[in-house]
Amino acid sequence: MPLESLLSAPPANLGAALAAALFGLLVGSFLNVVIYRIPKMMQRESDNYVAQETGKEPPHQDRFNLMVPRSSCPGCGHQITALENVPVISWLALGGKCSSCKTPIPKRYPGVELLTAVVSGLLVWTFGSGALGAATLMFAYLLIAMTFIDFDTQLLPDDLTYPLIWTGLLVNMNGNFVPLRDAVIGAVAGYLVLWAVYWLFKLATGKEGMGYGDFKLLAGLGAWLGWAKLPAIILLSSVVGAVVGICLIVFAKRSRNKPIPFGPYLAAAGLITLLWGEQISLFIQSVVAGA
């Protein structure tokens, strides 16, 4: 988005974008809970299932979901109060530490809140504050949650990938982004492309290059953006993934044998394509035509 375009924004558009950014701060705080708890919920369900299959008592019988129990410090168990849970401001006021035991609070928490705020404002600025703009916010929030969960656990939960697919198809029932036919083909093609890459890589090397969650994530992006945008998404995610991977190996001394999750790069590429997909597609076509 050009700076002069932003500066000349109509007051209504600018006001809606700022309101969306404030809303994004609150959503970002909730996404931190989603990112932290969904993997733990999955592990608890798995532990209970294994115990039941072997005739043992389920090890986890207390309620644990996105709402219960209340958030607490992992160091001392201090329950986070409402004043300590104000996005970004509380983290700054506390000096990035627990008010009780002074355990450091990761910088990623305000980082996720700020990222969600910026993305929310940008999407409402671009797509408006109506139903279409609200739909893009749902798209972005799912991608943000999946990005950080995949970074942490190398998992892309079905609880997030499936809603991405179904909401993409529903949003395109009236052709909001692409015709429904293109959305359905995009979902199928997105899944099958990475499924084929997975099996080719496995047959060639005997190793698994990616997980099934990546297939579902690209299927969701195809459902939202259509099959024609898949080449741009795959190209963008591959380039960004390669650059980040090389940097991690060279500068962070990350082992070459340690897997690097692909989901975050797919998610970033999907969001970029949502915002600037037409320009990217035209650029790719010009490069191919000039080759």
# chains A, B, ... in the order shown; residues from 1 in each chain; ligands from 1
>>> residues_around(residues="segment 179-189 of chain A", least_positions_apart="4", cutoff="10 Å", atoms="only C-alpha atoms", output="ChimeraX atom specification")
/A:165-166,168-175,193-195,215-230
>>> write_last_selection(atoms="N, CA and C atoms", output="tab-separated table (two decimals), in the first residue's frame")
chain	number	residue	atom	x	y	z
A	165	ILE	N	-10.67	-24.29	5.44
A	165	ILE	CA	-11.20	-24.83	4.18
A	165	ILE	C	-12.68	-24.51	4.04
A	166	TRP	N	-13.46	-24.82	5.09
A	166	TRP	CA	-14.92	-24.66	4.97
A	166	TRP	C	-15.32	-23.20	4.88
A	168	GLY	N	-13.53	-20.83	3.62
A	168	GLY	CA	-13.15	-20.38	2.28
A	168	GLY	C	-14.20	-20.73	1.25
A	169	LEU	N	-14.73	-21.93	1.32
A	169	LEU	CA	-15.77	-22.34	0.37
A	169	LEU	C	-17.06	-21.55	0.60
A	170	LEU	N	-17.40	-21.33	1.87
A	170	LEU	CA	-18.62	-20.57	2.17
A	170	LEU	C	-18.51	-19.11	1.71
A	171	VAL	N	-17.35	-18.51	1.96
A	171	VAL	CA	-17.14	-17.11	1.55
A	171	VAL	C	-17.28	-16.97	0.03
A	172	ASN	N	-16.88	-17.99	-0.69
A	172	ASN	CA	-16.93	-17.92	-2.15
A	172	ASN	C	-18.21	-18.49	-2.75
A	173	MET	N	-19.20	-18.78	-1.89
A	173	MET	CA	-20.49	-19.23	-2.41
A	173	MET	C	-21.06	-18.21	-3.40
A	174	ASN	N	-20.83	-16.92	-3.10
A	174	ASN	CA	-21.30	-15.85	-3.98
A	174	ASN	C	-20.16	-15.22	-4.77
A	175	GLY	N	-19.03	-15.94	-4.84
A	175	GLY	CA	-17.91	-15.45	-5.63
A	175	GLY	C	-17.25	-14.21	-5.08
A	193	VAL	N	-1.46	-31.20	-4.67
A	193	VAL	CA	-0.12	-30.77	-5.07
A	193	VAL	C	0.91	-31.14	-4.01
A	194	LEU	N	0.65	-30.77	-2.76
A	194	LEU	CA	1.61	-31.09	-1.71
A	194	LEU	C	1.60	-32.57	-1.37
A	195	TRP	N	0.46	-33.21	-1.53
A	195	TRP	CA	0.40	-34.67	-1.32
A	195	TRP	C	1.33	-35.36	-2.31
A	215	PHE	N	-0.76	-30.06	3.69
A	215	PHE	CA	-1.69	-30.30	2.58
A	215	PHE	C	-3.00	-29.56	2.83
A	216	LYS	N	-3.49	-29.70	4.07
A	216	LYS	CA	-4.78	-29.10	4.42
A	216	LYS	C	-4.70	-27.58	4.43
A	217	LEU	N	-3.56	-27.05	4.88
A	217	LEU	CA	-3.40	-25.60	4.88
A	217	LEU	C	-3.44	-25.06	3.46
A	218	LEU	N	-2.71	-25.68	2.54
A	218	LEU	CA	-2.74	-25.21	1.15
A	218	LEU	C	-4.12	-25.42	0.53
A	219	ALA	N	-4.81	-26.48	0.94
A	219	ALA	CA	-6.19	-26.67	0.47
A	219	ALA	C	-7.07	-25.52	0.94
A	220	GLY	N	-6.88	-25.07	2.19
A	220	GLY	CA	-7.64	-23.94	2.70
A	220	GLY	C	-7.34	-22.66	1.94
A	221	LEU	N	-6.07	-22.44	1.63
A	221	LEU	CA	-5.70	-21.25	0.85
A	221	LEU	C	-6.30	-21.32	-0.55
A	222	GLY	N	-6.32	-22.52	-1.13
A	222	GLY	CA	-6.95	-22.69	-2.44
A	222	GLY	C	-8.44	-22.44	-2.40
A	223	ALA	N	-9.09	-22.84	-1.29
A	223	ALA	CA	-10.53	-22.61	-1.15
A	223	ALA	C	-10.84	-21.12	-1.05
A	224	TRP	N	-9.97	-20.36	-0.43
A	224	TRP	CA	-10.19	-18.92	-0.30
A	224	TRP	C	-9.83	-18.16	-1.57
A	225	LEU	N	-8.70	-18.51	-2.17
A	225	LEU	CA	-8.12	-17.68	-3.22
A	225	LEU	C	-8.22	-18.29	-4.61
A	226	GLY	N	-8.65	-19.56	-4.70
A	226	GLY	CA	-8.82	-20.18	-6.01
A	226	GLY	C	-7.56	-20.86	-6.53
A	227	TRP	N	-7.77	-21.75	-7.48
A	227	TRP	CA	-6.65	-22.55	-7.99
A	227	TRP	C	-5.61	-21.69	-8.73
A	228	ALA	N	-6.03	-20.61	-9.35
A	228	ALA	CA	-5.11	-19.79	-10.15
A	228	ALA	C	-4.05	-19.11	-9.29
A	229	LYS	N	-4.32	-18.93	-8.00
A	229	LYS	CA	-3.36	-18.28	-7.12
A	229	LYS	C	-2.38	-19.28	-6.47
A	230	LEU	N	-2.61	-20.56	-6.65
A	230	LEU	CA	-1.74	-21.54	-6.01
A	230	LEU	C	-0.28	-21.44	-6.46
>>> residues_around(residues="segment 18-21 of chain A", least_positions_apart="5", cutoff="7 Å", atoms="only C-alpha atoms", output="number ranges by chain")
A: 117-118, 120-121, 124
>>> select_by_dssp(residues="segment 15-207 of chain A", states="strand (DSSP E or B)", output="PDB file with C-alpha atoms, in the first residue's frame")
ATOM      1  CA  SER A  72      -1.545 -18.225  35.024  1.00  0.00           C
ATOM      2  CA  GLN A  79      -3.396 -16.204  38.115  1.00  0.00           C
ATOM      3  CA  LYS A  97       7.947 -10.038  33.977  1.00  0.00           C
ATOM      4  CA  PRO A 104      10.219 -13.232  32.229  1.00  0.00           C
TER       5      PRO A 104
END
>>> atom_distance(atom1="atom CA of Gly290 of chain A", atom2="atom CA of Tyr265 of chain A")
27.5 Å
>>> select_by_dssp(residues="segment 10-236 of chain A", states="helix (DSSP H, G or I)", output="count of residues only")
161
>>> residues_around(residues="Leu66 of chain A", least_positions_apart="4", cutoff="8 Å", atoms="only C-alpha atoms", output="PyMOL selection string")
chain A and resi 33-34+37-38
>>> write_last_selection(atoms="C-alpha atoms", output="CSV table (one decimal), in the first residue's frame")
chain,number,residue,atom,x,y,z
A,33,VAL,CA,-4.2,-18.5,24.4
A,34,VAL,CA,-5.1,-20.5,21.3
A,37,ARG,CA,-3.4,-24.3,24.6
A,38,ILE,CA,-4.5,-26.1,21.5
>>> residues_around(residues="segment 276-283 of chain A", least_positions_apart="2", cutoff="9 Å", atoms="only C-alpha atoms", output="list in words")
Leu225, Ala228, Lys229, Pro231, Ala232, Ile233, Gly270, Leu271, Ile272, Thr273, Leu274, Gln285, Ser286, Val287 and Val288 of chain A
>>> residues_around(residues="Ala268 of chain A", least_positions_apart="4", cutoff="8 Å", atoms="only C-alpha atoms", output="PDB file with all heavy atoms, in the first residue's frame")
ATOM      1  N   LEU A 143      -4.668 -18.074  10.203  1.00  0.00           N
ATOM      2  CA  LEU A 143      -3.297 -18.225   9.717  1.00  0.00           C
ATOM      3  C   LEU A 143      -2.273 -17.849  10.789  1.00  0.00           C
ATOM      4  O   LEU A 143      -1.237 -18.513  10.930  1.00  0.00           O
ATOM      5  CB  LEU A 143      -3.083 -17.362   8.471  1.00  0.00           C
ATOM      6  CG  LEU A 143      -3.849 -17.781   7.212  1.00  0.00           C
ATOM      7  CD1 LEU A 143      -3.479 -16.871   6.041  1.00  0.00           C
ATOM      8  CD2 LEU A 143      -3.557 -19.234   6.838  1.00  0.00           C
ATOM      9  N   SER A 237       6.026 -18.980  -0.830  1.00  0.00           N
ATOM     10  CA  SER A 237       6.357 -19.735   0.382  1.00  0.00           C
ATOM     11  C   SER A 237       7.691 -20.445   0.241  1.00  0.00           C
ATOM     12  O   SER A 237       8.468 -20.526   1.203  1.00  0.00           O
ATOM     13  CB  SER A 237       5.253 -20.744   0.699  1.00  0.00           C
ATOM     14  OG  SER A 237       5.076 -21.668  -0.365  1.00  0.00           O
ATOM     15  N   PRO A 264       4.275 -21.963   8.372  1.00  0.00           N
ATOM     16  CA  PRO A 264       4.343 -20.506   8.509  1.00  0.00           C
ATOM     17  C   PRO A 264       4.599 -19.792   7.188  1.00  0.00           C
ATOM     18  O   PRO A 264       4.073 -18.687   6.962  1.00  0.00           O
ATOM     19  CB  PRO A 264       5.517 -20.305   9.478  1.00  0.00           C
ATOM     20  CG  PRO A 264       5.534 -21.559  10.303  1.00  0.00           C
ATOM     21  CD  PRO A 264       5.145 -22.646   9.358  1.00  0.00           C
ATOM     22  N   ILE A 272      -0.132 -12.621   1.933  1.00  0.00           N
ATOM     23  CA  ILE A 272       0.416 -11.695   0.928  1.00  0.00           C
ATOM     24  C   ILE A 272      -0.377 -11.794  -0.374  1.00  0.00           C
ATOM     25  O   ILE A 272      -0.688 -10.780  -1.008  1.00  0.00           O
ATOM     26  CB  ILE A 272       1.907 -12.002   0.681  1.00  0.00           C
ATOM     27  CG1 ILE A 272       2.729 -11.644   1.922  1.00  0.00           C
ATOM     28  CG2 ILE A 272       2.428 -11.237  -0.532  1.00  0.00           C
ATOM     29  CD1 ILE A 272       4.166 -12.134   1.871  1.00  0.00           C
TER      30      ILE A 272
END
>>> residues_around(residues="Val112 of chain A", least_positions_apart="3", cutoff="9 Å", atoms="only C-alpha atoms", output="list in words")
Leu25, Gly28, Ser29, Leu31, Asn32, Lys107, Arg108, Tyr109, Leu115, Thr116, Ala117, Ile144 and Phe148 of chain A
>>> write_last_selection(atoms="N, CA, C and O atoms", output="PDB file, in the first residue's frame")
ATOM      1  N   LEU A  25      -5.774  -6.080  18.611  1.00  0.00           N
ATOM      2  CA  LEU A  25      -4.996  -6.246  19.839  1.00  0.00           C
ATOM      3  C   LEU A  25      -5.679  -7.231  20.783  1.00  0.00           C
ATOM      4  O   LEU A  25      -5.032  -8.098  21.381  1.00  0.00           O
ATOM      5  N   GLY A  28      -5.530 -10.672  19.307  1.00  0.00           N
ATOM      6  CA  GLY A  28      -4.174 -11.190  19.448  1.00  0.00           C
ATOM      7  C   GLY A  28      -3.924 -11.775  20.822  1.00  0.00           C
ATOM      8  O   GLY A  28      -3.232 -12.792  20.962  1.00  0.00           O
ATOM      9  N   SER A  29      -4.487 -11.141  21.848  1.00  0.00           N
ATOM     10  CA  SER A  29      -4.364 -11.677  23.201  1.00  0.00           C
ATOM     11  C   SER A  29      -5.017 -13.055  23.291  1.00  0.00           C
ATOM     12  O   SER A  29      -4.472 -13.985  23.906  1.00  0.00           O
ATOM     13  N   LEU A  31      -5.482 -15.067  20.713  1.00  0.00           N
ATOM     14  CA  LEU A  31      -4.704 -15.987  19.879  1.00  0.00           C
ATOM     15  C   LEU A  31      -3.511 -16.545  20.645  1.00  0.00           C
ATOM     16  O   LEU A  31      -3.101 -17.694  20.415  1.00  0.00           O
ATOM     17  N   ASN A  32      -2.945 -15.753  21.548  1.00  0.00           N
ATOM     18  CA  ASN A  32      -1.864 -16.288  22.385  1.00  0.00           C
ATOM     19  C   ASN A  32      -2.342 -17.484  23.194  1.00  0.00           C
ATOM     20  O   ASN A  32      -1.602 -18.453  23.390  1.00  0.00           O
ATOM     21  N   LYS A 107       8.628 -12.127  24.869  1.00  0.00           N
ATOM     22  CA  LYS A 107       8.298 -10.977  24.018  1.00  0.00           C
ATOM     23  C   LYS A 107       7.305 -11.353  22.926  1.00  0.00           C
ATOM     24  O   LYS A 107       6.677 -10.476  22.335  1.00  0.00           O
ATOM     25  N   ARG A 108       7.189 -12.635  22.679  1.00  0.00           N
ATOM     26  CA  ARG A 108       6.287 -13.052  21.603  1.00  0.00           C
ATOM     27  C   ARG A 108       4.834 -12.725  21.908  1.00  0.00           C
ATOM     28  O   ARG A 108       4.035 -12.504  20.992  1.00  0.00           O
ATOM     29  N   TYR A 109       4.464 -12.664  23.184  1.00  0.00           N
ATOM     30  CA  TYR A 109       3.069 -12.370  23.521  1.00  0.00           C
ATOM     31  C   TYR A 109       2.646 -10.986  23.017  1.00  0.00           C
ATOM     32  O   TYR A 109       1.662 -10.879  22.272  1.00  0.00           O
ATOM     33  N   LEU A 115       1.196  -7.851  15.879  1.00  0.00           N
ATOM     34  CA  LEU A 115       1.054  -8.397  14.526  1.00  0.00           C
ATOM     35  C   LEU A 115      -0.412  -8.495  14.141  1.00  0.00           C
ATOM     36  O   LEU A 115      -0.814  -8.093  13.034  1.00  0.00           O
ATOM     37  N   THR A 116      -1.230  -9.012  15.044  1.00  0.00           N
ATOM     38  CA  THR A 116      -2.656  -9.156  14.771  1.00  0.00           C
ATOM     39  C   THR A 116      -3.317  -7.803  14.576  1.00  0.00           C
ATOM     40  O   THR A 116      -4.191  -7.637  13.719  1.00  0.00           O
ATOM     41  N   ALA A 117      -2.889  -6.816  15.357  1.00  0.00           N
ATOM     42  CA  ALA A 117      -3.441  -5.461  15.217  1.00  0.00           C
ATOM     43  C   ALA A 117      -3.101  -4.865  13.858  1.00  0.00           C
ATOM     44  O   ALA A 117      -3.972  -4.311  13.171  1.00  0.00           O
ATOM     45  N   ILE A 144      -2.546 -16.795  11.537  1.00  0.00           N
ATOM     46  CA  ILE A 144      -1.618 -16.386  12.596  1.00  0.00           C
ATOM     47  C   ILE A 144      -1.502 -17.477  13.656  1.00  0.00           C
ATOM     48  O   ILE A 144      -0.397 -17.827  14.094  1.00  0.00           O
ATOM     49  N   PHE A 148       2.208 -19.838  14.472  1.00  0.00           N
ATOM     50  CA  PHE A 148       2.984 -19.974  15.701  1.00  0.00           C
ATOM     51  C   PHE A 148       2.874 -21.371  16.303  1.00  0.00           C
ATOM     52  O   PHE A 148       3.835 -21.857  16.924  1.00  0.00           O
TER      53      PHE A 148
END
>>> residues_around(residues="Leu137 of chain A", least_positions_apart="5", cutoff="9 Å", atoms="only C-alpha atoms", output="compact mmCIF listing (two decimals) with N, CA, C and O atoms, in the first residue's frame")
# COMPACT_ATOMS: atom_id res chain seq x y z
N GLY A 24 -7.95 -5.93 16.85
CA GLY A 24 -6.91 -6.92 16.61
C GLY A 24 -6.02 -7.14 17.83
O GLY A 24 -5.55 -8.26 18.06
N VAL A 119 -2.19 -6.41 11.04
CA VAL A 119 -2.85 -7.15 9.96
C VAL A 119 -4.34 -6.81 9.91
O VAL A 119 -4.91 -6.63 8.82
N SER A 120 -4.98 -6.68 11.08
CA SER A 120 -6.41 -6.35 11.12
C SER A 120 -6.67 -4.99 10.49
O SER A 120 -7.59 -4.84 9.68
N LEU A 123 -6.19 -5.16 6.65
CA LEU A 123 -7.25 -5.88 5.93
C LEU A 123 -8.53 -5.06 5.86
O LEU A 123 -9.19 -5.01 4.81
N VAL A 124 -8.90 -4.41 6.95
CA VAL A 124 -10.11 -3.58 6.93
C VAL A 124 -9.90 -2.37 6.04
O VAL A 124 -10.83 -1.93 5.34
N LEU A 132 -17.25 -8.71 3.94
CA LEU A 132 -16.04 -9.20 3.27
C LEU A 132 -14.81 -8.91 4.11
O LEU A 132 -13.93 -9.77 4.27
N LEU A 142 -6.89 -17.23 11.69
CA LEU A 142 -6.58 -18.67 11.59
C LEU A 142 -5.13 -18.87 11.17
O LEU A 142 -4.42 -19.73 11.71
>>> closest_residue(among="A:Gly213, A:Leu200, A:Tyr162, A:Phe151", to="Ile260 of chain A", atoms="only C-alpha atoms")
A:Phe151
>>> atom_distance(atom1="atom CA of Tyr191 of chain A", atom2="atom CA of Ile35 of chain A")
23.7 Å
